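Here is work-v7.cif, consisting of mmCIF, C-alpha atoms:
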data_query
#
loop_
_atom_site.label_atom_id
_atom_site.label_comp_id
_atom_site.auth_asym_id
_atom_site.auth_seq_id
_atom_site.Cartn_x
_atom_site.Cartn_y
_atom_site.Cartn_z
CA MET E 745 57.43 55.96 25.63
CA LYS E 746 54.18 57.67 26.57
CA LYS E 747 53.66 58.63 22.95
CA LEU E 748 54.05 55.05 21.83
CA LEU E 749 51.55 53.80 24.42
CA LEU E 750 48.97 56.34 23.31
CA PHE E 751 49.50 55.49 19.64
CA ILE E 752 48.87 51.70 20.01
CA PRO E 753 45.20 51.95 21.28
CA VAL E 754 44.39 54.57 18.62
CA LEU E 755 45.86 52.29 15.96
CA PHE E 756 43.95 49.25 17.28
CA PHE E 757 40.53 50.93 17.40
CA SER E 758 40.84 52.76 14.12
CA CYS E 759 41.96 49.68 12.15
CA VAL E 760 39.36 47.97 9.96
CA ASN E 761 40.24 44.48 8.83
CA PRO E 762 38.47 43.77 5.50
CA SER E 763 39.16 40.06 5.68
CA MET E 764 37.47 39.81 9.11
CA GLU E 765 34.46 41.69 7.77
CA ARG E 766 34.22 39.26 4.81
CA GLY E 767 34.53 36.36 7.27
CA PHE E 768 31.69 37.70 9.44
CA GLU E 769 29.58 38.30 6.35
CA SER E 770 30.27 34.75 5.13
CA ILE E 771 29.33 33.32 8.55
CA THR E 772 26.15 35.39 8.60
CA GLN E 773 25.17 34.12 5.13
CA ALA E 774 25.92 30.53 6.17
CA LEU E 775 23.75 30.93 9.30
CA ILE E 776 20.91 32.34 7.21
CA GLN E 777 21.17 29.35 4.85
CA VAL E 778 21.24 26.89 7.77
CA THR E 779 18.14 28.57 9.21
CA GLU E 780 16.32 28.31 5.87
CA ASP E 781 17.33 24.65 5.54
CA LEU E 782 16.14 23.89 9.08
CA ASN E 783 12.80 25.59 8.36
CA PHE E 784 12.44 23.53 5.16
CA TYR E 785 13.27 20.27 6.97
CA ALA E 786 10.88 21.16 9.80
CA GLU E 787 8.07 21.71 7.27
CA SER E 788 8.96 18.46 5.53
CA ILE E 789 9.00 16.52 8.82
CA THR E 790 5.67 18.08 9.81
CA SER E 791 4.19 17.02 6.47
CA ASP E 792 5.61 13.50 6.85
CA LEU E 793 4.17 13.24 10.37
CA ALA E 794 0.76 14.31 9.08
CA GLN E 795 0.96 11.61 6.39
CA ILE E 796 2.00 9.02 8.98
CA GLU E 797 -0.93 10.07 11.15
CA GLU E 798 -3.29 9.65 8.18
CA ASP E 799 -1.78 6.22 7.39
CA ILE E 800 -2.23 5.12 11.00
CA TYR E 801 -5.85 6.26 10.89
CA LEU E 802 -6.47 4.28 7.67
CA ILE E 803 -4.74 1.19 9.06
CA THR E 804 -6.83 1.46 12.23
CA LYS E 805 -10.02 1.67 10.16
CA HIS E 806 -8.86 -1.34 8.11
CA ILE E 807 -8.18 -3.33 11.29
CA GLU E 808 -11.65 -2.41 12.61
CA ARG E 809 -13.17 -3.63 9.33
CA ILE E 810 -11.20 -6.88 9.57
CA ASN E 811 -12.34 -7.34 13.18
CA ASP E 812 -15.97 -6.88 12.05
CA GLU E 813 -15.41 -9.46 9.31
CA VAL E 814 -13.85 -11.86 11.82
CA LEU E 815 -16.92 -11.53 14.06
CA ARG E 816 -19.23 -12.17 11.10
CA ILE E 817 -17.14 -15.17 10.04
CA ASP E 818 -17.15 -16.46 13.60
CA GLU E 819 -20.96 -16.41 13.52
CA ILE E 820 -20.94 -18.38 10.26
CA ILE E 821 -18.47 -20.87 11.76
CA GLN E 822 -20.77 -21.34 14.76
CA GLU E 823 -23.64 -22.04 12.35
CA LEU E 824 -21.42 -24.51 10.49
CA ARG E 825 -20.57 -26.30 13.75
CA LEU E 826 -24.25 -26.56 14.58
CA SER E 827 -24.91 -27.96 11.10
CA ILE E 828 -22.16 -30.54 11.57
CA GLN E 829 -23.65 -31.54 14.92
CA ASN E 830 -27.05 -31.93 13.28
CA ILE E 831 -25.54 -34.03 10.51
CA THR E 832 -23.72 -36.17 13.07
CA GLU E 833 -26.95 -36.70 14.99
CA SER E 834 -28.76 -37.56 11.79
CA LEU E 835 -26.09 -40.13 10.91
CA LYS E 836 -26.66 -41.95 14.16
CA ASP E 837 -30.29 -42.50 13.32
CA ALA E 838 -30.06 -42.63 9.50
CA ALA E 839 -31.52 -45.77 8.13
CA THR E 840 -34.08 -44.93 5.51
CA LYS E 841 -33.60 -43.59 2.01
CA GLU E 842 -35.47 -40.42 2.93
CA GLN E 843 -33.22 -39.84 5.91
CA MET E 844 -30.13 -40.30 3.73
CA GLN E 845 -31.51 -37.84 1.17
CA GLN E 846 -32.19 -35.32 3.94
CA LEU E 847 -28.64 -35.84 5.23
CA GLN E 848 -27.26 -35.28 1.72
CA ILE E 849 -29.18 -31.99 1.47
CA GLN E 850 -27.69 -30.90 4.81
CA VAL E 851 -24.17 -31.75 3.59
CA PHE E 852 -24.71 -29.76 0.38
CA ASP E 853 -26.02 -26.82 2.42
CA LEU E 854 -22.93 -27.06 4.60
CA ARG E 855 -20.70 -27.10 1.52
CA ASP E 856 -22.47 -24.02 0.15
CA ASP E 857 -22.00 -22.21 3.49
CA VAL E 858 -18.27 -23.01 3.45
CA ARG E 859 -17.98 -21.72 -0.13
CA LEU E 860 -19.87 -18.57 0.82
CA LEU E 861 -17.58 -18.06 3.80
CA TRP E 862 -14.50 -18.52 1.63
CA ASN E 863 -15.76 -16.16 -1.10
CA LEU E 864 -16.82 -13.40 1.31
CA TYR E 865 -13.51 -13.22 3.14
CA ASP E 866 -10.50 -11.14 1.99
CA PHE E 867 -7.43 -13.21 2.87
CA ASP E 868 -4.84 -10.76 1.49
CA ALA E 869 -6.62 -7.72 3.05
CA ASP E 870 -6.58 -5.70 -0.17
CA GLY E 871 -10.25 -4.72 0.02
CA VAL E 872 -11.38 -7.23 -2.65
CA ILE E 873 -13.21 -10.34 -1.41
CA ASN E 874 -11.81 -13.76 -2.37
CA GLY E 875 -14.74 -14.55 -4.67
CA VAL E 876 -13.69 -11.70 -7.01
CA ASP E 877 -9.95 -11.42 -6.26
CA LYS E 878 -7.87 -12.42 -9.33
CA CYS E 879 -4.60 -11.86 -7.39
CA PRO E 880 -5.33 -13.46 -4.00
CA GLU E 881 -1.85 -13.00 -2.54
CA THR E 882 -1.29 -9.25 -3.02
CA PRO E 883 1.26 -7.89 -0.49
CA TYR E 884 -0.36 -5.75 2.22
CA GLY E 885 -0.70 -2.07 1.46
CA LEU E 886 -0.35 -2.15 -2.34
CA PRO E 887 -3.10 -0.30 -4.19
CA VAL E 888 -5.14 -2.74 -6.28
CA THR E 889 -7.63 -2.80 -9.15
CA ASN E 890 -11.26 -3.76 -8.59
CA ARG E 891 -10.15 -7.32 -9.41
CA GLY E 892 -7.57 -7.31 -6.57
CA CYS E 893 -4.45 -7.11 -8.73
CA PRO E 894 -1.69 -4.59 -7.92
CA LEU E 895 -1.74 -1.23 -9.68
CA THR E 896 1.79 -1.70 -10.99
CA ASP E 897 3.49 -1.69 -14.36
CA VAL E 898 6.62 -3.82 -14.05
CA ASP E 899 7.77 -3.52 -17.65
CA GLY E 900 7.05 0.22 -17.82
CA ASP E 901 4.99 0.05 -21.00
CA GLY E 902 2.09 2.09 -19.60
CA VAL E 903 -0.25 -0.90 -19.21
CA LEU E 904 -0.88 -2.09 -15.65
CA ASN E 905 0.22 -5.66 -14.91
CA ALA E 906 -3.40 -6.64 -14.24
CA ASP E 907 -4.30 -5.80 -17.87
CA ASP E 908 -0.90 -6.53 -19.48
CA GLN E 909 -1.09 -9.58 -21.76
CA CYS E 910 2.58 -9.21 -22.78
CA ASP E 911 4.37 -8.46 -19.53
CA GLU E 912 7.94 -8.15 -20.84
CA THR E 913 7.73 -5.33 -23.39
CA TRP E 914 10.44 -2.93 -22.24
CA GLY E 915 11.10 0.15 -24.35
CA VAL E 916 8.79 -0.63 -27.27
CA GLU E 917 5.49 0.85 -28.42
CA VAL E 918 2.53 -1.24 -27.19
CA ASP E 919 -1.24 -1.39 -27.69
CA GLU E 920 -3.87 -1.23 -24.92
CA THR E 921 -3.23 -4.90 -24.03
CA GLY E 922 0.50 -4.26 -23.46
CA CYS E 923 1.65 -6.16 -26.56
CA GLU E 924 4.26 -4.73 -28.94
CA ILE E 925 2.99 -2.93 -32.03
CA VAL E 926 4.87 -3.98 -35.18
CA GLU E 927 4.32 -2.31 -38.54
CA ILE E 928 4.63 -4.62 -41.55
CA GLY E 929 4.28 -2.71 -44.79
CA THR E 930 1.11 -0.65 -44.47
CA THR E 931 -0.56 -2.82 -41.80
CA THR E 932 -0.02 -2.74 -38.09
CA ASN E 933 0.06 -5.99 -36.11
CA THR E 934 0.57 -6.78 -32.47
CA ILE E 935 2.83 -9.50 -31.21
#
Let's see the structure in the file written out as structure tokens.
Amino acid sequence: MKKLLLFIPVLFFSCVNPSMERGFESITQALIQVTEDLNFYAESITSDLAQIEEDIYLITKHIERINDEVLRIDEIIQELRLSIQNITESLKDAATKEQMQQLQIQVFDLRDDVRLLWNLYDFDADGVINGVDKCPETPYGLPVTNRGCPLTDVDGDGVLNADDQCDETWGVEVDETGCEIVEIGTTTNTI
């Protein structure tokens, strides 16, 4: 019995199990892959956070610009109120033709101030003032052309919507206006 008891520990310690070694090697490789994936995701998250920080900075600057515009517009509104008060006072005493002509000039000046106020403001906050904005209801945050229209190409023809005169030309060759090019004989026409 003593011989058997001595043989069992020798057998246990001298035994190499190839399948266990392959299992440990497989686990080690999986852990290495998980570590690489985590490092990649950490870098990606760090990059995303940096982009978010930049976006927040730009939004903050945009809000500051809007606040400055609001203050400027408030000043114009105060001037308009004063003009209205002056017109109202003039109406109380208006009796002569000259006074009526002066009152009419004040009303036209007031109208011009209101138009100026409207044209200088940027209601859709795309960075293009209303007086120039050809697309006055652009959703917030979309990049726009210098005319205030979104830099998009809905039909995928390579011509931005703002310049696309034929906005439903999917999968066909188009000219610089976004209209389909059709060859008839030896001449080329656009539809």
Could you state which residues are captured by the PyMOL selection byres ((chain E and resi 923) around 12) in this file, as a compact mmCIF listing (two decimals) with C-alpha atoms, keeping the file's coordinate frame?
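Saved as result35.txt:
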# COMPACT_ATOMS: atom_id res chain seq x y z
CA ASP E 899 7.77 -3.52 -17.65
CA ASP E 901 4.99 0.05 -21.00
CA GLY E 902 2.09 2.09 -19.60
CA VAL E 903 -0.25 -0.90 -19.21
CA LEU E 904 -0.88 -2.09 -15.65
CA ASN E 905 0.22 -5.66 -14.91
CA ASP E 907 -4.30 -5.80 -17.87
CA ASP E 908 -0.90 -6.53 -19.48
CA GLN E 909 -1.09 -9.58 -21.76
CA CYS E 910 2.58 -9.21 -22.78
CA ASP E 911 4.37 -8.46 -19.53
CA GLU E 912 7.94 -8.15 -20.84
CA THR E 913 7.73 -5.33 -23.39
CA TRP E 914 10.44 -2.93 -22.24
CA GLY E 915 11.10 0.15 -24.35
CA VAL E 916 8.79 -0.63 -27.27
CA GLU E 917 5.49 0.85 -28.42
CA VAL E 918 2.53 -1.24 -27.19
CA ASP E 919 -1.24 -1.39 -27.69
CA GLU E 920 -3.87 -1.23 -24.92
CA THR E 921 -3.23 -4.90 -24.03
CA GLY E 922 0.50 -4.26 -23.46
CA GLU E 924 4.26 -4.73 -28.94
CA ILE E 925 2.99 -2.93 -32.03
CA VAL E 926 4.87 -3.98 -35.18
CA ASN E 933 0.06 -5.99 -36.11
CA THR E 934 0.57 -6.78 -32.47
CA ILE E 935 2.83 -9.50 -31.21
Practice problem: Pick out the residues sitting within 12 Å of range 794-810 of chain E, and hand them over as a ChimeraX atom specification; count all atoms listed in the file, and ignore anything fewer than 2 positions along from it in its own chain. | Solution: /E:787-792,812-818,864-871,873,884-885
Quiz prompt | d(CA of Lys841 in chain E, CA of Asp856 in chain E) in Å | solution = 22.6 Å
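Candidate residues E:Ser770, E:Ile820, E:Pro880, E:Tyr785 were compared for distance to Leu860 in chain E, and the nearest is E:Ile820, using only C-alpha atoms.
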Take every atom of range 785-800 of chain E listed in the file, pad by 8 Å on each side, and give me the axis-aligned box centre and edge lengths in Å, one decimal, as lines of an AutoDock Vina configuration file.
center_x = 5.0
center_y = 13.4
center_z = 8.3
size_x = 32.6
size_y = 32.6
size_z = 21.6
Exercise. Measure the distance from CA of Phe852 in chain E to CA of Ser827 in chain E in Å and round it to one decimal.
Key: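 Between CA of Phe852 in chain E and CA of Ser827 in chain E the gap is 10.9 Å.
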Quiz item: Mind listing as an NGL selection string all residues within 10 Å of (-27.8, -33.3, 7.6), counting only C-alpha atoms?
Solution: :E and (827-835 or 838 or 843-854)
Exercise. Work out how far apart CA of Cys893 in chain E and CA of Glu881 in chain E are and give it in Å to one decimal.
Key: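 Interatomic distance, CA of Cys893 in chain E to CA of Glu881 in chain E: 8.9 Å.
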